[in-house]
$ cat data.txt   # compact mmCIF, C-alpha atoms
# COMPACT_ATOMS: atom_id res chain seq x y z
CA MET Q 1 0.81 29.36 -11.15
CA SER Q 2 -0.67 29.70 -14.61
CA ASN Q 3 -3.47 27.38 -15.66
CA HIS Q 4 -5.11 26.55 -18.96
CA ASN Q 5 -7.66 23.72 -19.07
CA TYR Q 6 -6.07 21.66 -16.30
CA GLY Q 7 -9.16 21.70 -14.09
CA ARG Q 8 -8.92 17.97 -13.42
CA PHE Q 9 -5.53 18.48 -11.72
CA LEU Q 10 -6.15 21.79 -9.91
CA ARG Q 11 -8.03 20.61 -6.83
CA PRO Q 12 -5.47 18.04 -5.56
CA LEU Q 13 -2.62 20.47 -6.25
CA ILE Q 14 -4.23 23.39 -4.41
CA GLU Q 15 -5.14 21.14 -1.49
CA ALA Q 16 -1.53 19.93 -1.27
CA LEU Q 17 -0.21 23.50 -1.36
CA LEU Q 18 -2.66 24.56 1.36
CA ASP Q 19 -1.54 21.61 3.49
CA GLN Q 20 2.20 22.36 3.49
CA THR Q 21 4.24 21.93 6.66
CA HIS Q 22 5.59 25.46 6.12
CA ASP Q 23 2.94 27.82 7.49
CA ASN Q 24 3.50 30.85 5.24
CA VAL Q 25 2.53 29.84 1.71
CA GLU Q 26 0.81 32.25 -0.68
CA ILE Q 27 -0.99 30.72 -3.66
CA VAL Q 28 -1.67 32.83 -6.75
CA VAL Q 29 -3.45 31.30 -9.75
CA VAL Q 30 -3.92 33.07 -13.06
CA ASP Q 31 -6.37 31.21 -15.26
CA ASP Q 32 -5.38 31.76 -18.87
CA GLY Q 33 -8.66 31.49 -20.76
CA SER Q 34 -9.69 27.99 -19.64
CA THR Q 35 -12.80 26.50 -21.22
CA ASP Q 36 -13.04 23.42 -18.97
CA ASP Q 37 -14.15 23.42 -15.30
CA SER Q 38 -11.00 25.20 -14.05
CA ARG Q 39 -12.79 28.39 -13.04
CA GLU Q 40 -15.47 26.49 -11.15
CA VAL Q 41 -12.75 24.68 -9.20
CA LEU Q 42 -10.99 27.96 -8.42
CA ARG Q 43 -14.22 29.49 -7.09
CA GLU Q 44 -14.23 26.80 -4.39
CA TYR Q 45 -11.11 28.41 -2.89
CA GLU Q 46 -12.23 32.05 -2.79
CA GLY Q 47 -10.70 33.76 0.24
CA ARG Q 48 -7.97 31.13 0.60
CA ILE Q 49 -5.99 31.78 -2.57
CA ILE Q 50 -5.52 34.71 -4.96
CA VAL Q 51 -7.22 34.15 -8.32
CA ALA Q 52 -7.09 36.22 -11.49
CA LEU Q 53 -8.96 35.42 -14.69
CA GLN Q 54 -7.86 36.52 -18.15
CA ASP Q 55 -8.45 35.76 -21.80
CA GLN Q 56 -5.91 33.35 -23.19
CA ALA Q 57 -2.60 35.20 -23.59
CA GLY Q 58 -0.07 32.42 -23.03
CA GLN Q 59 1.97 31.05 -20.16
CA ALA Q 60 4.48 33.90 -20.12
CA ALA Q 61 1.79 36.57 -19.78
CA ALA Q 62 0.00 34.56 -17.08
CA CYS Q 63 3.22 34.12 -15.07
CA ASN Q 64 4.08 37.80 -15.39
CA ARG Q 65 0.64 38.71 -14.01
CA ALA Q 66 0.88 36.12 -11.23
CA PHE Q 67 4.16 37.62 -10.04
CA SER Q 68 2.62 41.09 -9.93
CA LEU Q 69 -0.12 39.75 -7.62
CA SER Q 70 2.29 37.92 -5.31
CA SER Q 71 4.29 39.16 -2.33
CA GLY Q 72 6.52 36.27 -1.24
CA ASP Q 73 10.30 36.52 -0.98
CA ILE Q 74 10.67 33.10 -2.65
CA VAL Q 75 8.64 32.45 -5.79
CA VAL Q 76 7.81 29.30 -7.78
CA PHE Q 77 6.06 29.44 -11.16
CA HIS Q 78 4.20 26.22 -10.53
CA ASP Q 79 2.82 24.00 -13.28
CA SER Q 80 -0.87 23.49 -12.56
CA ASP Q 81 -0.81 19.79 -13.46
CA ASP Q 82 2.05 18.74 -11.17
CA VAL Q 83 2.15 17.20 -7.68
CA VAL Q 84 3.85 18.42 -4.49
CA ARG Q 85 4.68 16.70 -1.21
CA ALA Q 86 3.96 18.10 2.25
CA GLY Q 87 7.52 19.32 2.83
CA TYR Q 88 7.85 21.00 -0.57
CA ALA Q 89 7.66 24.63 0.58
CA ALA Q 90 9.78 24.08 3.68
CA SER Q 91 12.53 22.46 1.61
CA LEU Q 92 12.55 25.40 -0.78
CA VAL Q 93 12.76 27.92 2.05
CA ASP Q 94 15.69 26.03 3.61
CA ALA Q 95 17.49 26.06 0.25
CA PHE Q 96 17.61 29.87 0.38
CA ALA Q 97 19.33 30.06 3.78
CA ASP Q 98 22.35 31.64 2.08
CA PRO Q 99 21.25 35.19 1.09
CA LYS Q 100 23.44 35.01 -2.02
CA VAL Q 101 21.41 32.12 -3.51
CA MET Q 102 19.19 33.27 -6.38
CA MET Q 103 17.73 29.93 -7.44
CA ALA Q 104 16.99 26.55 -5.87
CA MET Q 105 16.09 23.37 -7.72
CA THR Q 106 14.99 19.83 -6.96
CA ARG Q 107 14.77 16.73 -9.13
CA LEU Q 108 11.18 15.74 -9.88
CA ASP Q 109 9.74 12.24 -9.69
CA VAL Q 110 7.50 11.43 -12.66
CA VAL Q 111 3.91 10.29 -12.14
CA ASP Q 112 1.24 9.39 -14.67
CA ALA Q 113 -2.12 11.12 -15.16
CA GLN Q 114 -3.58 9.26 -12.15
CA GLY Q 115 -0.64 10.19 -9.91
CA ASN Q 116 1.04 6.77 -9.98
CA PRO Q 117 4.87 6.78 -9.95
CA THR Q 118 6.45 5.72 -13.25
CA GLY Q 119 9.94 5.25 -11.84
CA ASP Q 120 11.32 8.03 -14.04
CA HIS Q 121 12.73 11.39 -12.98
CA ARG Q 122 13.16 14.86 -14.48
CA PRO Q 123 15.93 15.43 -15.21
CA PRO Q 124 16.74 11.71 -15.56
CA ALA Q 125 18.77 10.18 -12.72
CA ALA Q 126 21.84 9.99 -14.98
CA CYS Q 127 21.86 13.79 -15.32
CA PRO Q 128 23.49 15.39 -12.27
CA LEU Q 129 21.87 18.39 -10.60
CA VAL Q 130 24.84 20.58 -9.71
CA GLY Q 131 24.63 23.72 -7.61
CA GLY Q 132 27.00 26.44 -6.54
CA ASP Q 133 28.54 29.00 -8.87
CA LEU Q 134 27.41 28.05 -12.40
CA ARG Q 135 28.11 31.40 -14.06
CA SER Q 136 31.15 30.26 -16.05
CA LEU Q 137 29.32 27.12 -17.22
CA VAL Q 138 26.32 29.13 -18.38
CA LEU Q 139 28.44 31.70 -20.20
CA ASP Q 140 30.56 29.02 -21.86
CA ARG Q 141 27.87 26.45 -22.77
CA CYS Q 142 24.49 28.10 -22.08
CA SER Q 143 23.33 24.76 -20.74
CA PHE Q 144 23.12 22.84 -17.49
CA PHE Q 145 20.68 20.28 -16.13
CA TRP Q 146 17.58 21.75 -14.49
CA PRO Q 147 14.02 20.55 -13.79
CA GLU Q 148 10.75 21.99 -15.05
CA THR Q 149 9.11 24.98 -13.35
CA THR Q 150 7.72 23.08 -10.36
CA GLY Q 151 11.27 22.06 -9.49
CA GLN Q 152 12.65 25.61 -9.59
CA ALA Q 153 12.33 28.47 -7.08
CA TYR Q 154 13.76 32.00 -7.26
CA ARG Q 155 14.52 34.90 -4.97
CA ARG Q 156 12.06 37.73 -5.50
CA SER Q 157 14.77 40.38 -5.87
CA PHE Q 158 16.22 38.46 -8.83
CA LEU Q 159 12.82 38.07 -10.52
CA ALA Q 160 12.07 41.77 -10.14
CA ALA Q 161 15.17 42.49 -12.25
CA ALA Q 162 14.67 39.64 -14.75
CA LEU Q 163 10.98 40.06 -15.52
CA PRO Q 164 8.98 40.25 -17.70
CA ILE Q 165 9.18 36.82 -19.31
CA PRO Q 166 9.25 37.38 -23.09
CA ASP Q 167 6.22 36.25 -25.02
CA LYS Q 168 6.25 32.49 -25.81
CA SER Q 169 9.36 31.88 -23.64
CA PRO Q 170 8.97 29.07 -21.07
CA PRO Q 171 9.63 30.36 -17.54
CA ASP Q 172 11.98 27.53 -16.56
CA GLY Q 173 14.21 27.84 -19.62
CA TYR Q 174 14.25 31.62 -19.33
CA PHE Q 175 14.92 32.07 -15.62
CA SER Q 176 17.32 29.18 -15.01
CA TYR Q 177 20.14 30.70 -17.07
CA LEU Q 178 19.61 34.26 -15.84
CA ALA Q 179 19.49 33.10 -12.21
CA ALA Q 180 22.73 31.14 -12.61
CA MET Q 181 24.32 34.34 -13.92
CA ALA Q 182 22.98 36.34 -10.97
CA GLY Q 183 24.21 34.18 -8.10
CA PRO Q 184 24.75 30.70 -6.65
CA VAL Q 185 22.27 27.88 -7.25
CA SER Q 186 21.12 25.65 -4.38
CA VAL Q 187 20.16 22.00 -4.93
CA ILE Q 188 17.72 20.03 -2.77
CA ASP Q 189 19.13 16.52 -2.47
CA ARG Q 190 15.83 14.63 -2.78
CA PRO Q 191 12.68 15.01 -4.92
CA VAL Q 192 9.97 16.99 -3.07
CA ALA Q 193 7.57 17.26 -6.03
CA CYS Q 194 6.45 15.33 -9.07
CA TYR Q 195 6.16 16.03 -12.78
CA ARG Q 196 2.90 14.66 -14.15
CA ALA Q 197 3.21 13.03 -17.59
CA HIS Q 198 -0.12 12.82 -19.40
CA ASP Q 199 -1.69 12.96 -22.83
CA ARG Q 200 -1.41 16.74 -23.21
CA ASN Q 201 2.30 17.15 -22.41
CA LYS Q 202 3.75 13.99 -23.93
CA HIS Q 203 4.29 13.83 -27.68
CA LEU Q 204 7.07 14.00 -30.24
CA ALA Q 205 7.40 17.68 -31.07
CA PRO Q 206 8.93 17.77 -34.57
CA LEU Q 207 6.58 15.06 -35.83
CA ALA Q 208 3.56 16.82 -34.33
CA HIS Q 209 4.47 20.38 -35.33
CA GLY Q 210 7.18 20.11 -37.99
CA VAL Q 211 9.73 22.79 -38.82
CA ALA Q 212 7.49 25.52 -37.37
CA TRP Q 213 8.08 24.09 -33.88
CA LEU Q 214 11.84 24.13 -34.43
CA ASP Q 215 11.70 27.72 -35.71
CA GLU Q 216 9.81 28.79 -32.59
CA ARG Q 217 12.35 27.11 -30.29
CA ILE Q 218 15.25 28.69 -32.20
CA GLU Q 219 13.59 32.08 -31.79
CA GLN Q 220 13.15 31.43 -28.06
CA ARG Q 221 16.84 30.65 -27.81
CA GLU Q 222 17.77 33.84 -29.65
CA VAL Q 223 15.54 35.88 -27.33
CA LEU Q 224 17.25 34.21 -24.36
CA TYR Q 225 20.69 35.15 -25.72
CA ALA Q 226 19.60 38.76 -26.14
CA ARG Q 227 18.23 38.91 -22.61
CA MET Q 228 21.36 37.29 -21.16
CA ARG Q 229 23.44 39.96 -22.87
CA SER Q 230 21.35 42.86 -21.57
CA TYR Q 231 20.95 41.39 -18.09
CA GLY Q 232 24.63 40.49 -17.94
CA LEU Q 233 25.55 44.12 -18.50
CA THR Q 234 23.47 45.17 -15.48
CA ILE Q 235 25.30 42.74 -13.15
CA ASP Q 236 28.78 43.31 -14.62
CA VAL Q 237 29.12 39.90 -16.25
CA PHE Q 238 30.28 41.66 -19.41
CA ASP Q 239 32.78 44.51 -19.39
CA ASP Q 240 30.90 46.55 -21.95
CA ALA Q 241 28.31 46.38 -24.70
CA ALA Q 242 30.89 45.27 -27.27
CA ALA Q 243 31.87 42.27 -25.12
CA ALA Q 244 28.20 41.35 -24.65
CA ALA Q 245 27.54 41.61 -28.38
CA HIS Q 246 30.43 39.26 -29.19
CA TRP Q 247 29.44 36.65 -26.58
CA ALA Q 248 28.70 33.37 -28.35
CA PRO Q 249 28.28 30.24 -26.18
CA ARG Q 250 29.02 26.70 -27.32
CA ASP Q 251 25.35 25.79 -27.02
CA TYR Q 252 24.60 22.20 -28.04
CA ILE Q 253 20.86 22.82 -27.57
CA MET Q 254 20.78 25.59 -30.17
CA VAL Q 255 22.99 23.59 -32.55
CA SER Q 256 20.64 20.60 -32.16
CA LEU Q 257 17.68 22.75 -33.22
CA LEU Q 258 19.58 24.24 -36.16
CA ALA Q 259 20.83 20.83 -37.31
CA ALA Q 260 17.34 19.36 -37.18
CA ARG Q 261 15.84 22.28 -39.09
CA CYS Q 262 18.63 22.10 -41.67
CA ARG Q 263 17.83 18.50 -42.54
CA LEU Q 264 14.04 18.71 -42.34
CA SER Q 265 14.07 21.82 -44.54
CA ARG Q 266 16.64 20.30 -46.93
CA GLU Q 267 18.95 23.28 -46.44
CA ARG Q 268 22.70 23.38 -46.94
CA GLY Q 269 25.09 23.27 -43.98
CA ARG Q 270 24.53 19.84 -42.44
CA TRP Q 271 28.26 19.18 -41.98
CA ARG Q 272 28.83 22.59 -40.41
CA TYR Q 273 26.11 21.96 -37.83
CA ALA Q 274 27.39 18.45 -37.15
CA TRP Q 275 30.88 19.74 -36.45
CA SER Q 276 29.56 22.62 -34.31
CA GLY Q 277 27.48 20.15 -32.32
CA VAL Q 278 30.44 17.86 -31.67
CA ARG Q 279 32.52 20.83 -30.51
CA ALA Q 280 29.69 22.06 -28.26
CA ILE Q 281 29.24 18.72 -26.50
CA ALA Q 282 32.92 17.71 -26.29
CA GLY Q 283 34.25 18.47 -22.84
CA HIS Q 284 30.87 19.57 -21.47
CA PRO Q 285 31.44 19.16 -17.71
CA GLN Q 286 27.94 17.91 -16.90
CA PHE Q 287 28.00 14.97 -19.31
CA ARG Q 288 29.68 11.66 -18.64
CA PHE Q 289 31.52 9.89 -21.45
CA VAL Q 290 28.54 7.78 -22.56
CA GLY Q 291 26.28 10.83 -22.62
CA ARG Q 292 28.74 12.81 -24.70
CA LEU Q 293 29.15 9.86 -27.07
CA ARG Q 294 25.38 9.64 -27.65
CA HIS Q 295 25.27 13.32 -28.59
CA VAL Q 296 28.31 12.99 -30.89
CA VAL Q 297 26.68 10.04 -32.67
CA TRP Q 298 23.43 12.00 -33.05
CA PHE Q 299 25.13 15.05 -34.56
CA ALA Q 300 27.11 12.86 -36.95
CA SER Q 301 24.03 10.89 -37.97
CA THR Q 302 22.09 14.05 -38.89
CA ALA Q 303 24.77 14.78 -41.48
CA ILE Q 304 25.40 11.24 -42.74
CA LEU Q 305 22.07 9.39 -42.76
CA PRO Q 306 19.43 9.68 -45.50
CA LEU Q 307 16.49 11.93 -44.64
CA PRO Q 308 13.96 9.18 -43.70
CA LEU Q 309 16.37 7.85 -41.07
CA VAL Q 310 17.23 11.36 -39.91
CA ARG Q 311 13.53 12.00 -39.28
CA ARG Q 312 13.43 8.95 -37.04
CA SER Q 313 16.45 10.17 -35.07
CA ILE Q 314 15.21 13.77 -34.74
CA ALA Q 315 11.82 12.99 -33.19
CA PRO Q 316 13.07 11.49 -29.89
CA ARG Q 317 15.61 14.34 -29.57
CA PHE Q 318 12.85 16.82 -28.71
CA PRO Q 319 10.18 14.76 -26.91
CA GLN Q 320 8.45 17.54 -24.94
CA ALA Q 321 6.21 20.10 -26.62
CA GLN Q 322 3.73 21.62 -24.19
$ encode --input "data.txt" --output "structure tokens"
Amino acid sequence: MSNHNYGRFLRPLIEALLDQTHDNVEIVVVDDGSTDDSREVLREYEGRIIVALQDQAGQAAACNRAFSLSSGDIVVFHDSDDVVRAGYAASLVDAFADPKVMMAMTRLDVVDAQGNPTGDHRPPAACPLVGGDLRSLVLDRCSFFWPETTGQAYRRSFLAAALPIPDKSPPDGYFSYLAAMAGPVSVIDRPVACYRAHDRNKHLAPLAHGVAWLDERIEQREVLYARMRSYGLTIDVFDDAAAAAHWAPRDYIMVSLLAARCRLSRERGRWRYAWSGVRAIAGHPQFRFVGRLRHVVWFASTAILPLPLVRRSIAPRFPQAQ
């Protein structure tokens, strides 16, 4: 796991990981330039976990280093502020019983800063977690429902081929699509961990960071596309480099970012993005009718409504900015 200034959450998480029902759990923590009491907490566990300290370089760099220090066949890039249950590791191991599985995922219950259940889930209960062969879905739409890093696990052989994580790319968003290209995805049918919502990971991104945040997320998406093309060539997803270069998914996530930036920057093209968004969400197999309708209304509203109302509709669209 990577950690930056989450010392108040480290001790209960490490204790829970050390107390798993599965008896072969390796814990690697890379502290990414923390200035709180994180490093004092980590010193309490010398000899029981692997710890590396570094100047702040970002989550991607910390996760890349953590993998290099690990040895397990199944790897989780754990968020250092989340919560796990006693059967967490055992459930993940069972999910990889089929040697073809490259990724396993579980829905996460949401708890508050004190660890109290909120009744919410990530992804929300209305969003189905679907396993099996997702390659065609990923290549067509570059989107499917997945949980944050604590709810994802990967086979080491896959990670060895997919690493390193590009700078500023979130591990969950990067690996989930590549893993679905590489092999089947296994789904654990009940939550075995919790996502902790607190003051440092809960705010409205575009309002807090403006167009710069959207530009960064668009760049992340472009980096993901490039990596999917190059990785896809190595596993014969694309016939040749020309086919990879011409691959263009109907990606409603990317179109959402572009549509939001278009309006906030007062650029031309609002109707083009609205139409592209409607086409990207129409027929998406993981959305029910009501879900598709909400997205269609949002894309249309970004083109039709005056800018003050568009700002109000854009903010809830991208609620997480960690």
$ residues_near_point --input "data.txt" --point "(-10.7, 22.6, -12.6)" --cutoff "8 Å" --atoms "only C-alpha atoms" --output "ChimeraX atom specification"
/Q:5-11,36-42
$ write_last_selection --input "data.txt" --atoms "C-alpha atoms" --output "CSV table (one decimal), in the coordinates of the input"
chain,number,residue,atom,x,y,z
Q,5,ASN,CA,-7.7,23.7,-19.1
Q,6,TYR,CA,-6.1,21.7,-16.3
Q,7,GLY,CA,-9.2,21.7,-14.1
Q,8,ARG,CA,-8.9,18.0,-13.4
Q,9,PHE,CA,-5.5,18.5,-11.7
Q,10,LEU,CA,-6.2,21.8,-9.9
Q,11,ARG,CA,-8.0,20.6,-6.8
Q,36,ASP,CA,-13.0,23.4,-19.0
Q,37,ASP,CA,-14.2,23.4,-15.3
Q,38,SER,CA,-11.0,25.2,-14.0
Q,39,ARG,CA,-12.8,28.4,-13.0
Q,40,GLU,CA,-15.5,26.5,-11.2
Q,41,VAL,CA,-12.8,24.7,-9.2
Q,42,LEU,CA,-11.0,28.0,-8.4
$ atom_distance --input "data.txt" --atom1 "atom CA of Q:Arg312" --atom2 "atom CA of Q:Arg261"
13.7 Å
$ residues_around --input "data.txt" --residues "stretch 18-26 of chain Q" --least-positions-apart "3" --cutoff "8 Å" --atoms "only C-alpha atoms" --output "JSON, numbers by chain"
{"Q": [14, 15, 49, 70, 71, 72, 85, 86, 87, 88, 89, 90]}
$ write_last_selection --input "data.txt" --atoms "C-alpha atoms" --output "mmCIF file, keeping the file's coordinate frame"
data_model
loop_
_atom_site.group_PDB
_atom_site.id
_atom_site.type_symbol
_atom_site.label_atom_id
_atom_site.label_comp_id
_atom_site.auth_asym_id
_atom_site.auth_seq_id
_atom_site.Cartn_x
_atom_site.Cartn_y
_atom_site.Cartn_z
ATOM 1 C CA ILE Q 14 -4.230 23.390 -4.410
ATOM 2 C CA GLU Q 15 -5.140 21.140 -1.490
ATOM 3 C CA ILE Q 49 -5.990 31.780 -2.570
ATOM 4 C CA SER Q 70 2.290 37.920 -5.310
ATOM 5 C CA SER Q 71 4.290 39.160 -2.330
ATOM 6 C CA GLY Q 72 6.520 36.270 -1.240
ATOM 7 C CA ARG Q 85 4.680 16.700 -1.210
ATOM 8 C CA ALA Q 86 3.960 18.100 2.250
ATOM 9 C CA GLY Q 87 7.520 19.320 2.830
ATOM 10 C CA TYR Q 88 7.850 21.000 -0.570
ATOM 11 C CA ALA Q 89 7.660 24.630 0.580
ATOM 12 C CA ALA Q 90 9.780 24.080 3.680
#
$ atom_distance --input "data.txt" --atom1 "atom CA of Q:Ala161" --atom2 "atom CA of Q:Leu139"
18.9 Å
$ atom_distance --input "data.txt" --atom1 "atom CA of Q:Ala113" --atom2 "atom CA of Q:Asn3"
16.3 Å
$ closest_residue --input "data.txt" --among "Q:Ala245, Q:Ala182, Q:Ala315, Q:Ile188" --to "Q:Ser91" --atoms "all atoms listed in the file"
Q:Ile188
$ residues_near_point --input "data.txt" --point "(-6.8, 33.8, -2.9)" --cutoff "9 Å" --atoms "only C-alpha atoms" --output "MDAnalysis selection string"
chainID Q and resid 26:29 45:52
$ write_last_selection --input "data.txt" --atoms "C-alpha atoms" --output "compact mmCIF listing (two decimals), keeping the file's coordinate frame"
# COMPACT_ATOMS: atom_id res chain seq x y z
CA GLU Q 26 0.81 32.25 -0.68
CA ILE Q 27 -0.99 30.72 -3.66
CA VAL Q 28 -1.67 32.83 -6.75
CA VAL Q 29 -3.45 31.30 -9.75
CA TYR Q 45 -11.11 28.41 -2.89
CA GLU Q 46 -12.23 32.05 -2.79
CA GLY Q 47 -10.70 33.76 0.24
CA ARG Q 48 -7.97 31.13 0.60
CA ILE Q 49 -5.99 31.78 -2.57
CA ILE Q 50 -5.52 34.71 -4.96
CA VAL Q 51 -7.22 34.15 -8.32
CA ALA Q 52 -7.09 36.22 -11.49
$ closest_residue --input "data.txt" --among "Q:Gln286, Q:Ser34, Q:Asp98, Q:Tyr231" --to "Q:Trp146" --atoms "only C-alpha atoms"
Q:Gln286
$ residues_around --input "data.txt" --residues "stretch 148-153 of chain Q" --least-positions-apart "3" --cutoff "10 Å" --atoms "only C-alpha atoms" --output "PyMOL selection string"
chain Q and resi 1+74-84+88-89+92-93+95-96+102-109+122-123+156+170-173+175-176+179+185-188+191-195
$ closest_residue --input "data.txt" --among "Q:Pro184, Q:Pro117, Q:Gly58, Q:Gly132" --to "Q:Val101" --atoms "all atoms listed in the file"
Q:Pro184
$ closest_residue --input "data.txt" --among "Q:Pro316, Q:Pro166, Q:Pro285, Q:Gly277" --to "Q:Tyr252" --atoms "all atoms listed in the file"
Q:Gly277
$ closest_residue --input "data.txt" --among "Q:Val296, Q:Leu257, Q:Val130, Q:Leu264" --to "Q:Arg279" --atoms "all atoms listed in the file"
Q:Val296
$ residues_around --input "data.txt" --residues "Q:Val297" --least-positions-apart "2" --cutoff "12 Å" --atoms "all atoms listed in the file" --output "JSON, numbers by chain"
{"Q": [274, 275, 277, 278, 281, 282, 290, 291, 292, 293, 294, 295, 299, 300, 301, 302, 303, 304, 305, 310, 313]}
$ closest_residue --input "data.txt" --among "Q:Leu309, Q:Val223, Q:Met181, Q:Ala126" --to "Q:Asp236" --atoms "only C-alpha atoms"
Q:Met181
